[in-house]
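Here is the file protein25.csv (CSV, C-alpha atoms).
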chain,number,residue,atom,x,y,z
A,540,MET,CA,54.7,8.1,22.7
A,541,LYS,CA,52.6,4.9,22.7
A,542,LYS,CA,50.4,6.4,25.5
A,543,LYS,CA,49.7,9.5,23.4
A,544,ILE,CA,48.8,7.4,20.3
A,545,LEU,CA,46.5,5.2,22.5
A,546,ILE,CA,44.8,8.4,23.9
A,547,ILE,CA,44.4,9.9,20.4
A,548,ILE,CA,42.9,6.6,19.1
A,549,GLY,CA,40.6,6.4,22.1
A,550,ILE,CA,39.4,9.9,21.6
A,551,ILE,CA,38.8,9.3,17.9
A,552,VAL,CA,36.8,6.1,18.7
A,553,ILE,CA,34.7,7.9,21.3
A,554,ILE,CA,34.0,10.8,19.0
A,555,SER,CA,33.1,8.4,16.2
A,556,LEU,CA,30.7,6.5,18.4
A,557,ILE,CA,29.0,9.7,19.6
A,558,VAL,CA,28.6,11.0,16.0
A,559,PHE,CA,27.3,7.5,14.9
A,560,PHE,CA,24.7,7.2,17.7
A,561,SER,CA,23.7,10.9,17.3
A,562,PHE,CA,23.1,10.3,13.6
A,563,LYS,CA,21.1,7.2,14.3
A,564,LEU,CA,18.9,9.0,16.8
A,565,VAL,CA,18.3,12.0,14.6
A,566,ASN,CA,17.5,9.9,11.5
A,567,LYS,CA,15.3,7.4,13.3
A,568,GLU,CA,12.7,6.0,10.8
A,569,ASP,CA,10.4,4.1,13.2
A,570,PHE,CA,8.3,2.6,10.4
A,571,GLN,CA,5.2,0.8,11.4
A,572,PHE,CA,4.4,-2.2,9.2
A,573,LYS,CA,0.9,-3.7,8.7
A,574,THR,CA,-0.5,-6.3,6.4
A,575,LEU,CA,-3.5,-5.4,4.3
A,576,SER,CA,-6.2,-8.0,3.6
A,577,SER,CA,-9.8,-8.0,2.4
A,578,ASN,CA,-12.7,-8.1,4.9
A,579,CYS,CA,-14.9,-8.9,2.0
A,580,SER,CA,-15.8,-12.6,1.4
A,581,ASN,CA,-15.7,-12.2,-2.4
A,582,PHE,CA,-12.1,-11.0,-2.7
A,583,ASP,CA,-8.8,-12.3,-1.5
A,584,ILE,CA,-6.2,-9.5,-1.3
A,585,THR,CA,-2.6,-9.4,-0.2
A,586,GLY,CA,-0.8,-6.2,0.7
A,587,LEU,CA,1.5,-4.3,3.0
A,588,ILE,CA,1.6,-0.8,4.3
A,589,ALA,CA,4.7,0.9,5.9
A,590,TYR,CA,4.5,4.3,7.4
A,591,ASN,CA,6.0,6.8,9.9
A,592,SER,CA,5.4,10.4,10.6
A,593,ASN,CA,7.1,11.5,7.3
A,594,LYS,CA,6.4,8.8,4.7
A,595,SER,CA,3.9,6.2,3.7
A,596,TYR,CA,4.2,3.2,1.3
A,597,ILE,CA,1.5,0.8,0.1
A,598,TYR,CA,2.1,-2.3,-1.9
A,599,ILE,CA,-0.8,-4.5,-3.0
A,600,THR,CA,-0.6,-7.5,-5.1
A,601,ASP,CA,-2.4,-10.7,-5.7
A,602,ILE,CA,-6.0,-9.5,-5.9
A,603,LYS,CA,-8.3,-12.5,-6.5
A,604,TYR,CA,-12.0,-12.7,-7.0
A,605,CYS,CA,-13.3,-15.7,-5.1
A,606,GLY,CA,-17.0,-15.0,-5.1
A,607,THR,CA,-19.5,-17.1,-7.1
A,608,VAL,CA,-18.3,-18.3,-10.4
A,609,ASP,CA,-18.4,-15.3,-12.8
A,610,ASN,CA,-17.7,-15.9,-16.4
A,611,THR,CA,-19.2,-12.6,-17.4
A,612,LYS,CA,-17.3,-10.7,-20.1
A,613,TYR,CA,-16.8,-7.0,-19.4
A,614,GLN,CA,-16.2,-4.1,-21.8
A,615,SER,CA,-14.8,-1.8,-19.1
A,616,ILE,CA,-13.5,-2.2,-15.6
A,617,LEU,CA,-12.2,0.5,-13.3
A,618,CYS,CA,-10.3,-0.5,-10.1
A,619,THR,CA,-9.4,2.4,-7.8
A,620,LEU,CA,-7.6,2.4,-4.4
A,621,TYR,CA,-8.8,5.0,-1.9
A,622,ASP,CA,-7.9,6.3,1.5
A,623,GLU,CA,-10.9,7.9,3.3
A,624,HIS,CA,-10.9,9.8,6.6
A,625,GLY,CA,-14.2,11.5,7.5
A,626,ASN,CA,-15.5,13.4,4.4
A,627,ILE,CA,-12.1,13.4,2.7
A,628,LYS,CA,-11.6,10.7,0.1
A,629,THR,CA,-8.2,10.5,-1.6
A,630,GLU,CA,-7.5,8.5,-4.7
A,631,LEU,CA,-4.2,6.6,-4.3
A,632,GLY,CA,-4.1,4.8,-7.6
A,633,LYS,CA,-6.2,3.3,-10.3
A,634,TYR,CA,-6.4,0.8,-13.2
A,635,ASP,CA,-8.8,1.4,-16.0
A,636,TYR,CA,-9.6,-1.2,-18.6
A,637,GLN,CA,-11.5,0.0,-21.7
A,638,ASP,CA,-10.7,-1.9,-24.8
A,639,LYS,CA,-12.4,-3.4,-27.8
A,640,ASP,CA,-11.5,-6.8,-26.4
A,641,ILE,CA,-13.6,-8.2,-23.6
A,642,ILE,CA,-12.2,-9.5,-20.3
A,643,THR,CA,-13.4,-11.3,-17.2
A,644,LEU,CA,-13.1,-9.8,-13.8
A,645,GLU,CA,-10.7,-12.6,-12.7
A,646,ASP,CA,-8.4,-12.0,-15.7
A,647,PHE,CA,-8.4,-8.3,-15.1
A,648,LEU,CA,-7.5,-8.6,-11.5
A,649,LYS,CA,-4.5,-10.9,-12.2
A,650,ASN,CA,-2.6,-8.0,-13.7
A,651,ILE,CA,-3.3,-5.4,-11.0
A,652,GLU,CA,-0.6,-4.3,-8.6
A,653,PHE,CA,-0.6,-1.1,-6.6
A,654,LYS,CA,2.8,0.4,-5.6
A,655,ILE,CA,2.2,3.8,-3.9
A,656,ASP,CA,5.5,5.4,-2.7
A,657,TYR,CA,5.4,8.4,-0.4
A,658,PHE,CA,1.8,9.1,-1.0
A,659,SER,CA,1.4,11.4,1.9
A,660,LYS,CA,3.3,12.9,4.7
A,661,SER,CA,0.2,13.5,6.7
A,662,CYS,CA,-1.2,10.0,6.8
A,663,LYS,CA,0.3,9.0,10.1
A,664,TYR,CA,-2.8,7.3,11.4
A,665,TYR,CA,-4.4,4.4,9.6
A,666,GLN,CA,-7.5,2.6,10.7
A,667,ASP,CA,-9.2,-0.5,9.5
A,668,ASN,CA,-11.3,0.1,6.5
A,669,SER,CA,-10.0,3.6,5.8
A,670,ILE,CA,-8.2,2.1,2.8
A,671,TYR,CA,-10.4,0.3,0.3
A,672,LEU,CA,-10.6,-0.8,-3.3
A,673,GLU,CA,-13.6,0.2,-5.5
A,674,ILE,CA,-14.3,-1.9,-8.6
A,675,ILE,CA,-16.8,-0.8,-11.2
A,676,ALA,CA,-17.3,-3.1,-14.1
A,677,THR,CA,-19.7,-2.8,-17.1
A,678,ASP,CA,-20.6,-5.9,-19.1
A,679,LEU,CA,-21.5,-6.2,-22.8
A,680,GLU,CA,-25.2,-5.3,-22.1
A,681,ASP,CA,-24.2,-2.1,-20.3
A,682,LYS,CA,-25.1,-3.6,-16.9
A,683,THR,CA,-22.7,-2.3,-14.2
A,684,ILE,CA,-21.6,-4.0,-11.0
A,685,TYR,CA,-20.0,-2.2,-8.1
A,686,TYR,CA,-17.8,-3.6,-5.4
A,687,LYS,CA,-16.4,-1.7,-2.4
A,688,ILE,CA,-13.7,-3.8,-0.7
A,689,PRO,CA,-12.5,-2.5,2.7
A,690,LEU,CA,-9.0,-3.5,3.6
A,691,GLY,CA,-8.3,-4.5,7.1
A,692,MET,CA,-4.9,-4.1,8.8
A,693,ASN,CA,-3.0,-6.4,11.0
A,694,ASP,CA,0.4,-6.0,12.7
A,695,CYS,CA,3.2,-7.9,10.9
A,696,LYS,CA,4.6,-10.8,12.9
Serialized structure, structure tokens:
Amino acid sequence: MKKKILIIIGIIVIISLIVFFSFKLVNKEDFQFKTLSSNCSNFDITGLIAYNSNKSYIYITDIKYCGTVDNTKYQSILCTLYDEHGNIKTELGKYDYQDKDIITLEDFLKNIEFKIDYFSKSCKYYQDNSIYLEIIATDLEDKTIYYKIPLGMNDCK
């Protein structure tokens, strides 16, 4: 009787292990993680990208302007995150500031955070500078400045 119980328990354990490992192999995520940072000397950007063959996630915070001192007041600022491959340019997210109040570029960037979940199933291959920020700011005299900030990628350690 004890021998039958031990055999049944052994069979149940073996079947459970087979099911568990089969499930793990079938649902393998294999995410790649890379840090995003600015290759531009005027901006300091911190971000992360995680992707596999089915999903992609981008998280960017802490965008700082560190160029020359700029106390210019702007009436409108548009900050857009793009992914570009060849002739295909995809907008991933944007922040638009158009208000009766005026703002500096530094104050505007303090509040920007990009969280893009599952933005594409087809973006399996990322290259340096394929993801970038574009900032277009118009001051009180209708003078416009333009920044294109490529984001480099490094493997997470």
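Counting from atom CA of A:Tyr596, the distance to atom CA of A:Asp656 is 4.7 Å.
Interatomic distance, atom CA of A:Leu690 against atom CA of A:Ser669: 7.5 Å.
Take the candidates A:Tyr686, A:Phe653, A:Phe570, A:Tyr634 and check each one against A:Thr619 using only C-alpha atoms; the shortest distance goes to A:Tyr634.
The gap separating atom CA of A:Ile602 from atom CA of A:Gly691 is 14.1 Å, in Å to one decimal.
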With 8 Å added on each side, what axis-aligned box encloses every listed atom of stretch 672-687 of chain A? Give the centre and edge lengths in Å to one decimal, as JSON.
{"center_x": -17.9, "center_y": -3.0, "center_z": -12.6, "size_x": 30.6, "size_y": 22.4, "size_z": 36.4}
At most 12 Å from (-21.0, -15.3, -8.6), file frame, only C-alpha atoms: which residues, as an MDAnalysis selection string? chainID A and resid 580:582 604:611 644:645 684
Please produce a file of those selected residues containing C-alpha atoms, as an mmCIF file, in the coordinates of the input.
data_model
loop_
_atom_site.group_PDB
_atom_site.id
_atom_site.type_symbol
_atom_site.label_atom_id
_atom_site.label_comp_id
_atom_site.auth_asym_id
_atom_site.auth_seq_id
_atom_site.Cartn_x
_atom_site.Cartn_y
_atom_site.Cartn_z
ATOM 1 C CA SER A 580 -15.800 -12.600 1.400
ATOM 2 C CA ASN A 581 -15.700 -12.200 -2.400
ATOM 3 C CA PHE A 582 -12.100 -11.000 -2.700
ATOM 4 C CA TYR A 604 -12.000 -12.700 -7.000
ATOM 5 C CA CYS A 605 -13.300 -15.700 -5.100
ATOM 6 C CA GLY A 606 -17.000 -15.000 -5.100
ATOM 7 C CA THR A 607 -19.500 -17.100 -7.100
ATOM 8 C CA VAL A 608 -18.300 -18.300 -10.400
ATOM 9 C CA ASP A 609 -18.400 -15.300 -12.800
ATOM 10 C CA ASN A 610 -17.700 -15.900 -16.400
ATOM 11 C CA THR A 611 -19.200 -12.600 -17.400
ATOM 12 C CA LEU A 644 -13.100 -9.800 -13.800
ATOM 13 C CA GLU A 645 -10.700 -12.600 -12.700
ATOM 14 C CA ILE A 684 -21.600 -4.000 -11.000
#
Compile the contact shell of stretch 671-673 of chain A as a ChimeraX atom specification: residues with an atom at most 10 Å away, counting all atoms listed in the file, same-chain residues fewer than 5 positions apart removed. /A:575-578,584,617-623,630-633,685-691
Point (1.6, 2.9, 8.9) neighbourhood (6 Å, only C-alpha atoms) written as a list of chain:residue names: A:Gln571, A:Phe572, A:Ile588, A:Ala589, A:Tyr590, A:Asn591
Residues within 8 Å of A:Gln637, please, as an MDAnalysis selection string. Count all atoms listed in the file; anything in the same chain fewer than 4 positions from it doesn't count. chainID A and resid 614:616
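Closest approach to A:Thr643 from the set A:Lys682, A:Lys594, A:Lys573, A:Lys612 is made by A:Lys612, with distances taken over only C-alpha atoms.
Minimum atom-to-atom distance to A:Phe647, evaluated using all atoms listed in the file, belongs to A:Lys603 out of A:Thr683, A:Lys603, A:His624, A:Ile547.
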Which residue of A:Ile655, A:Lys542, A:Tyr613, A:Ile627 approaches A:Ile641 most closely, using all atoms listed in the file: A:Tyr613
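When only C-alpha atoms are used to measure the gap to A:Asp640, the shortest distance among A:Ser592, A:Glu652, A:Gly625, A:Leu679 belongs to A:Leu679.
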